[in-house]
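Asker: Right, I'll just put the structure down here and ask away after.
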Amino acid sequence: MKKIALISLGCEKNLVDSENILGLLLKNHYQIVNDKEEADILIINTCGFIESSKKESIDTILDNIDKKQKVVVTGCLVNRYLDELKKAIPEVDLWIPIREYKNFNKLLSSLDKELNSDEGLNDEYRLVSTGPYSAYLRIGDGCSNCCSYCAIPLIRGPYASRPFDSIIKEAKKLASEGYKELIVLEQDTTRYGLDLKEKKTIVDLLKELLKIQGLEYIRLLYLYPDEISDELIDLIAKEERLTPYFDIPIQHSEDHILKLMNRRGNKEYLKNLFNKIKSKIPNAILRTTVMVGFPGETNKDFANLLDFIKEVKFDHLGAFKYSKEEGTTSYNFPHQVRESTKQRRLDTLMELQQGISYELNKHHIGEVMVGLVVGQDNGSYLLRSYYNAPDDVDGKIFFTSPKPLQEGEKVKVLIKESYVYDLYGVLIE
């Protein structure tokens, strides 16, 4: 029995691909090992989104091609730069771009003559890697928003919803296996169903998921602002099992920058949206992502972005510097911003957010949070509640317990202290 190890880079959507790869190989009698040194075949699932992720992927490949095992490289970087990679790193034994996932085993058989299967990746075969209580539920692939800075449509293609019944079937299977939390995931979850013949919506999908017994929490990630309907907000407000957590990447606040980014909506719309969410769901957690240094962003634009962030007060905010990506519309835009200016703006923005986060976290002192035990850290347990998502972007909730607890156990925690990003509490019996 051949041994396989896998290194998964990039986002959670890529992680689901990795889980599908492992599930398919497990079905075909490979042994999955954690130590890559033990493996006969090492698979590296790459990211190719922005410059830093591309560098990480290349470095990971180069660090592993001098090993004894065969090396297979797949994922977004391969889909984007296959020909260039083949020429630059001929030591790699096999390249599998995303567009060839349907032929995964057929291609892999060139390295393993004992593999008698032409099966490709699908959601039926999956080895969940996020623990026995929480799993991602991917509902589609690709993106059709075509933001001018983003390479995802170039890599993954236009948005394609996964069939409704297929999603529900997998969700029921996960629930029957004891998973208590599902994180509904895609590049744009709010677009779900618009391309399906039956015209299902994300609200239809959530209502069906809520019928499944055993699911304690259902969380949505990556909502496009102008696709968030009143019906969706009202459903989350009404249903306790739908986590009141709104991950809404806005990228910027200024109208002319949003237009250059090819983003729909404007500052006024965004303000009204966040006010509406907070008025209907006072305990809603707001998370966003913003970009600094987009071509044409002036000092005034940046100052206005800071004012917008001060006004909205996001619970969690991530920021990154504009990355000039080949093939995107903004690649040739004039008025590119200096790298030193981007870094200065990023530092200023994150310093502002630290203060906002600290002030908001103080409001949680005295609150009883209900959630799942998700591990331990330096003698304390870790809690995931409506406050924080599982992708290590948000702060952590630490708590102590007078008795031993199991991962996945549902508990109540009284928040006693707050820090810039993290909360600290104690178990309530």
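Identifiers in the structure tokens: chain A, B, ... in order shown; residue index from 1 per chain; ligand index from 1 in order shown.
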Which residues are close to Lys416 (chain A), i.e. within 7 Å by only C-alpha atoms, leaving aside same-chain residues fewer than 6 positions away? Reply as a tab-separated table (two decimals) with N, CA, C and O atoms, in the first residue's frame.
Answerer:
```
chain	number	residue	atom	x	y	z
A	365	ILE	N	-17.48	41.73	28.01
A	365	ILE	CA	-17.23	41.35	29.41
A	365	ILE	C	-18.57	41.22	30.13
A	365	ILE	O	-19.44	42.10	30.06
A	366	GLY	N	-18.76	40.11	30.80
A	366	GLY	CA	-20.02	39.83	31.48
A	366	GLY	C	-21.00	39.04	30.64
A	366	GLY	O	-22.03	38.58	31.15
A	424	TYR	N	-11.23	36.35	27.23
A	424	TYR	CA	-10.87	35.33	28.23
A	424	TYR	C	-12.06	35.13	29.15
A	424	TYR	O	-12.69	36.10	29.60
A	425	GLY	N	-12.39	33.86	29.44
A	425	GLY	CA	-13.56	33.58	30.28
A	425	GLY	C	-13.39	32.34	31.12
A	425	GLY	O	-12.32	31.71	31.15
```
Asker: Find the spatial neighbours of region 159-167 of chain A, counting only C-alpha atoms, within a cut-off of 7 Å - ignore same-chain residues fewer than 3 positions away - and output them as a list in words.
Answerer: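 Non-adjacent residues within range: Ile139, Gly140, Asp141, Gly142, Cys143, Ser144, Glu170, Ala171, Tyr192, Gly193, Asp195 and Leu196 of chain A.
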Asker: In Å, with one decimal, what is the gap from CA of Tyr421 (chain A) to CA of Ser357 (chain A)?
Answerer: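 Answer for the CA of Tyr421 (chain A) to CA of Ser357 (chain A) separation: 6.3 Å.
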Asker: Could you name the residues that touch Asn299 (chain A) at 12 Å or less, counting only C-alpha atoms, but leaving out those on the same chain fewer than 3 positions away, as a short mmCIF file (atom, residue, chain, number, x, y, z; two decimals) with all heavy atoms, in the first residue's frame?
Answerer:
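The resulting file, selection_13.cif, is reproduced below:
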```cif
data_model
loop_
_atom_site.label_atom_id
_atom_site.label_comp_id
_atom_site.auth_asym_id
_atom_site.auth_seq_id
_atom_site.Cartn_x
_atom_site.Cartn_y
_atom_site.Cartn_z
N GLU A 254 -14.70 54.30 -0.75
CA GLU A 254 -14.88 55.44 -1.64
C GLU A 254 -15.46 55.03 -2.99
O GLU A 254 -14.97 54.10 -3.63
CB GLU A 254 -13.56 56.18 -1.82
CG GLU A 254 -13.02 56.73 -0.51
CD GLU A 254 -14.06 57.53 0.25
OE1 GLU A 254 -14.34 58.68 -0.17
OE2 GLU A 254 -14.59 57.02 1.26
N VAL A 292 -5.61 48.37 0.65
CA VAL A 292 -4.96 49.67 0.60
C VAL A 292 -4.00 49.71 -0.59
O VAL A 292 -3.48 48.69 -1.01
CB VAL A 292 -4.17 49.98 1.90
CG1 VAL A 292 -5.12 50.07 3.08
CG2 VAL A 292 -3.07 48.96 2.16
N GLY A 293 -3.83 50.92 -1.13
CA GLY A 293 -2.86 51.09 -2.22
C GLY A 293 -3.37 50.70 -3.58
O GLY A 293 -2.56 50.47 -4.49
N PHE A 294 -4.70 50.63 -3.76
CA PHE A 294 -5.22 50.36 -5.10
C PHE A 294 -4.84 51.52 -6.02
O PHE A 294 -4.79 52.68 -5.58
CB PHE A 294 -6.74 50.19 -5.05
CG PHE A 294 -7.33 49.74 -6.35
CD1 PHE A 294 -7.32 48.41 -6.70
CD2 PHE A 294 -7.90 50.66 -7.24
CE1 PHE A 294 -7.86 47.98 -7.91
CE2 PHE A 294 -8.44 50.24 -8.44
CZ PHE A 294 -8.42 48.90 -8.78
N PRO A 295 -4.54 51.27 -7.29
CA PRO A 295 -4.15 52.35 -8.20
C PRO A 295 -5.14 53.51 -8.18
O PRO A 295 -6.35 53.31 -8.34
CB PRO A 295 -4.14 51.67 -9.57
CG PRO A 295 -3.84 50.25 -9.28
CD PRO A 295 -4.50 49.96 -7.98
N GLY A 296 -4.61 54.69 -7.94
CA GLY A 296 -5.46 55.88 -7.89
C GLY A 296 -5.92 56.26 -6.50
O GLY A 296 -6.55 57.31 -6.32
N PHE A 302 -7.73 57.47 1.35
CA PHE A 302 -7.34 56.63 2.48
C PHE A 302 -7.87 57.21 3.78
O PHE A 302 -8.36 56.46 4.64
CB PHE A 302 -5.82 56.50 2.53
CG PHE A 302 -5.34 55.67 3.69
CD1 PHE A 302 -5.63 54.32 3.77
CD2 PHE A 302 -4.60 56.25 4.71
CE1 PHE A 302 -5.21 53.56 4.85
CE2 PHE A 302 -4.17 55.51 5.79
CZ PHE A 302 -4.47 54.15 5.86
N ALA A 303 -7.78 58.53 3.93
CA ALA A 303 -8.31 59.18 5.14
C ALA A 303 -9.82 58.93 5.26
O ALA A 303 -10.33 58.67 6.36
CB ALA A 303 -8.01 60.67 5.12
N ASN A 304 -10.53 58.98 4.14
CA ASN A 304 -11.98 58.72 4.15
C ASN A 304 -12.27 57.27 4.51
O ASN A 304 -13.28 56.97 5.18
CB ASN A 304 -12.59 59.07 2.80
CG ASN A 304 -12.62 60.56 2.54
OD1 ASN A 304 -12.51 61.36 3.46
ND2 ASN A 304 -12.78 60.93 1.27
N LEU A 305 -11.41 56.36 4.04
CA LEU A 305 -11.57 54.95 4.41
C LEU A 305 -11.42 54.78 5.92
O LEU A 305 -12.20 54.05 6.56
CB LEU A 305 -10.54 54.10 3.67
CG LEU A 305 -10.47 52.61 4.05
CD1 LEU A 305 -11.79 51.91 3.79
CD2 LEU A 305 -9.33 51.92 3.29
N LEU A 306 -10.44 55.44 6.51
CA LEU A 306 -10.26 55.37 7.96
C LEU A 306 -11.49 55.91 8.69
O LEU A 306 -11.94 55.32 9.68
CB LEU A 306 -9.01 56.16 8.38
CG LEU A 306 -7.66 55.65 7.89
CD1 LEU A 306 -6.55 56.56 8.40
CD2 LEU A 306 -7.41 54.21 8.32
N VAL A 337 0.42 52.89 -6.81
CA VAL A 337 0.86 53.43 -5.52
C VAL A 337 2.18 52.77 -5.11
O VAL A 337 2.35 51.56 -5.28
CB VAL A 337 -0.22 53.19 -4.44
CG1 VAL A 337 0.24 53.71 -3.08
CG2 VAL A 337 -1.53 53.88 -4.86
N THR A 341 4.27 53.42 0.43
CA THR A 341 3.01 54.07 0.79
C THR A 341 1.96 53.04 1.17
O THR A 341 1.21 53.20 2.15
CB THR A 341 2.50 54.92 -0.39
OG1 THR A 341 3.49 55.89 -0.74
CG2 THR A 341 1.20 55.64 -0.03
N LYS A 342 1.91 51.94 0.41
CA LYS A 342 0.98 50.86 0.75
C LYS A 342 1.24 50.35 2.16
O LYS A 342 0.31 50.16 2.96
CB LYS A 342 1.13 49.69 -0.24
CG LYS A 342 0.72 49.96 -1.65
CD LYS A 342 0.94 48.67 -2.47
CE LYS A 342 0.87 48.90 -3.94
NZ LYS A 342 1.17 47.67 -4.71
N ARG A 344 2.77 51.81 4.67
CA ARG A 344 2.45 52.81 5.69
C ARG A 344 0.94 52.88 5.93
O ARG A 344 0.49 52.95 7.08
CB ARG A 344 2.98 54.18 5.25
CG ARG A 344 2.80 55.27 6.32
CD ARG A 344 3.49 56.57 5.93
NE ARG A 344 2.85 57.20 4.77
CZ ARG A 344 3.38 57.25 3.56
NH1 ARG A 344 4.57 56.71 3.33
NH2 ARG A 344 2.74 57.84 2.57
N ARG A 345 0.18 52.83 4.86
CA ARG A 345 -1.29 52.87 5.00
C ARG A 345 -1.80 51.61 5.70
O ARG A 345 -2.71 51.69 6.53
CB ARG A 345 -1.94 53.02 3.61
CG ARG A 345 -1.74 54.40 3.02
CD ARG A 345 -2.30 54.52 1.61
NE ARG A 345 -2.06 55.86 1.07
CZ ARG A 345 -2.32 56.23 -0.18
NH1 ARG A 345 -2.83 55.35 -1.04
NH2 ARG A 345 -2.06 57.46 -0.57
#
```
Asker: Could you give me, as a list of chain:residue names, the residues within 12 Å of region 229-231 of chain A, counting only C-alpha atoms and dropping anything in the same chain fewer than 2 positions from it?
Answerer: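 Returned residues: A:Thr190, A:Arg191, A:Thr201, A:Ile202, A:Val203, A:Asp204, A:Leu206, A:Lys207, A:Leu223, A:Tyr224, A:Pro225, A:Asp226, A:Glu227, A:Ile233, A:Asp234, A:Leu235, A:Ile236, A:Ala237, A:Lys238, A:Asn272, A:Leu273, A:Phe274, A:Lys276, A:Ile277, A:Lys280, A:Ile281.
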Asker: Run DSSP on the backbone of this structure and report the residues of region 85-326 of chain A it assigns to strand (DSSP E or B), as JSON, numbers by chain.
Answerer: {"A": [94, 95, 96, 97, 134, 135, 136, 137, 138, 140, 141, 160, 161, 181, 182, 183, 184, 185, 217, 218, 219, 220, 242, 245, 246, 247, 251, 285, 286, 287, 288, 289, 290, 291, 292, 316, 317, 318, 319, 320, 321]}
Asker: Point out the residue among A:Thr348, A:Asn105, A:Gln187, A:Asn283 with the least atom-to-atom distance to Leu25 (chain A), counting only C-alpha atoms.
Answerer: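 For Leu25 (chain A), the nearest of the given residues is A:Asn105.
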Asker: Mind checking which residues fall within 8 Å of Glu216 (chain A), counting only C-alpha atoms, ignoring those fewer than 3 positions away in the same chain, and posting them as a list in words?
Answerer: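 Residues meeting the cut-off are Lys180, Glu181 and Arg241 of chain A.
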Asker: Pick from A:Lys321, A:Lys102, A:His29, A:Arg126: nearest to Glu114 (chain A), with only C-alpha atoms counted?
Answerer: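 Of the candidates, the smallest distance to Glu114 (chain A) is held by A:His29.
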Asker: Enumerate, in order of chain and increasing residue number, the residues of region 40-154 of chain A with an atom no farther than 6 Å from region 1-18 of chain A, each with its shortest atom pair and distance in Å to one decimal, counting only C-alpha atoms, as a tab-separated table.
Answerer:
```
residue	atom	partner	partner_atom	distance
A:Asp40	CA	A:Lys3	CA	5.2
A:Ile41	CA	A:Ile4	CA	5.1
A:Leu42	CA	A:Ala5	CA	5.0
A:Ile43	CA	A:Leu6	CA	4.6
A:Ile44	CA	A:Ile7	CA	4.8
A:Asn45	CA	A:Ser8	CA	4.9
A:Thr46	CA	A:Leu9	CA	5.3
A:Cys47	CA	A:Gly10	CA	4.9
```
Asker: What is the distance, in Å and to one decimal place, between CA of Gly48 (chain A) and CA of Leu220 (chain A)?
Answerer: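 These atoms are spaced 23.9 Å apart.
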Asker: DSSP on the backbone: what in region 313-404 of chain A comes out alpha helix (DSSP H), as a compact mmCIF listing (two decimals) with N, CA, C and O atoms, in the first residue's frame?
Answerer:
```txt
# COMPACT_ATOMS: atom_id res chain seq x y z
N GLU A 339 5.12 51.03 -3.04
CA GLU A 339 5.07 49.97 -2.04
C GLU A 339 5.21 50.54 -0.64
O GLU A 339 4.54 50.08 0.30
N SER A 340 6.09 51.52 -0.46
CA SER A 340 6.28 52.11 0.88
C SER A 340 5.01 52.81 1.35
O SER A 340 4.69 52.77 2.55
N THR A 341 4.27 53.42 0.43
CA THR A 341 3.01 54.07 0.79
C THR A 341 1.96 53.04 1.17
O THR A 341 1.21 53.20 2.15
N LYS A 342 1.91 51.94 0.41
CA LYS A 342 0.98 50.86 0.75
C LYS A 342 1.24 50.35 2.16
O LYS A 342 0.31 50.16 2.96
N GLN A 343 2.51 50.11 2.47
CA GLN A 343 2.85 49.56 3.79
C GLN A 343 2.50 50.54 4.90
O GLN A 343 1.98 50.13 5.94
N ARG A 344 2.77 51.81 4.67
CA ARG A 344 2.45 52.81 5.69
C ARG A 344 0.94 52.88 5.93
O ARG A 344 0.49 52.95 7.08
N ARG A 345 0.18 52.83 4.86
CA ARG A 345 -1.29 52.87 5.00
C ARG A 345 -1.80 51.61 5.70
O ARG A 345 -2.71 51.69 6.53
N LEU A 346 -1.22 50.47 5.35
CA LEU A 346 -1.63 49.23 6.01
C LEU A 346 -1.36 49.29 7.51
O LEU A 346 -2.22 48.93 8.33
N ASP A 347 -0.19 49.75 7.89
CA ASP A 347 0.16 49.85 9.31
C ASP A 347 -0.77 50.81 10.04
O ASP A 347 -1.21 50.54 11.17
N THR A 348 -1.07 51.94 9.41
CA THR A 348 -1.96 52.94 10.02
C THR A 348 -3.36 52.37 10.22
O THR A 348 -3.97 52.54 11.27
N LEU A 349 -3.86 51.67 9.20
CA LEU A 349 -5.20 51.11 9.26
C LEU A 349 -5.30 50.06 10.35
O LEU A 349 -6.26 50.04 11.15
N MET A 350 -4.31 49.18 10.43
CA MET A 350 -4.38 48.11 11.43
C MET A 350 -4.21 48.64 12.85
O MET A 350 -4.78 48.09 13.79
N GLU A 351 -3.47 49.72 12.98
CA GLU A 351 -3.35 50.35 14.30
C GLU A 351 -4.71 50.92 14.73
O GLU A 351 -5.11 50.79 15.89
N LEU A 352 -5.41 51.54 13.78
CA LEU A 352 -6.76 52.04 14.06
C LEU A 352 -7.68 50.89 14.46
O LEU A 352 -8.42 50.98 15.46
N GLN A 353 -7.63 49.79 13.71
CA GLN A 353 -8.51 48.66 13.99
C GLN A 353 -8.21 48.03 15.34
O GLN A 353 -9.13 47.54 16.01
N GLN A 354 -6.97 48.04 15.76
CA GLN A 354 -6.64 47.51 17.08
C GLN A 354 -7.42 48.24 18.17
O GLN A 354 -7.96 47.61 19.09
N GLY A 355 -7.47 49.54 18.06
CA GLY A 355 -8.21 50.32 19.06
C GLY A 355 -9.70 50.04 19.01
O GLY A 355 -10.36 49.92 20.05
N ILE A 356 -10.25 49.93 17.79
CA ILE A 356 -11.68 49.64 17.64
C ILE A 356 -11.99 48.26 18.20
O ILE A 356 -12.97 48.07 18.94
N SER A 357 -11.16 47.29 17.86
CA SER A 357 -11.36 45.93 18.33
C SER A 357 -11.32 45.86 19.85
O SER A 357 -12.16 45.19 20.49
N TYR A 358 -10.38 46.56 20.45
CA TYR A 358 -10.26 46.55 21.91
C TYR A 358 -11.50 47.14 22.56
O TYR A 358 -12.02 46.59 23.55
N GLU A 359 -11.99 48.26 22.02
CA GLU A 359 -13.19 48.89 22.59
C GLU A 359 -14.41 47.98 22.45
O GLU A 359 -15.21 47.86 23.38
N LEU A 360 -14.57 47.36 21.29
CA LEU A 360 -15.71 46.47 21.09
C LEU A 360 -15.62 45.23 21.97
O LEU A 360 -16.63 44.74 22.49
N ASN A 361 -14.41 44.71 22.14
CA ASN A 361 -14.25 43.51 22.97
C ASN A 361 -14.61 43.78 24.43
O ASN A 361 -15.08 42.87 25.13
N LYS A 362 -14.42 44.98 24.89
CA LYS A 362 -14.80 45.32 26.28
C LYS A 362 -16.29 45.10 26.51
O LYS A 362 -16.71 44.76 27.62
```
Asker: Smallest atom-to-atom distance to Tyr149 (chain A): which of A:Glu56, A:Asp35, A:Glu19, A:Glu326, using only C-alpha atoms?
Answerer: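 Comparing A:Glu56, A:Asp35, A:Glu19, A:Glu326 against Tyr149 (chain A), the winner is A:Glu326.
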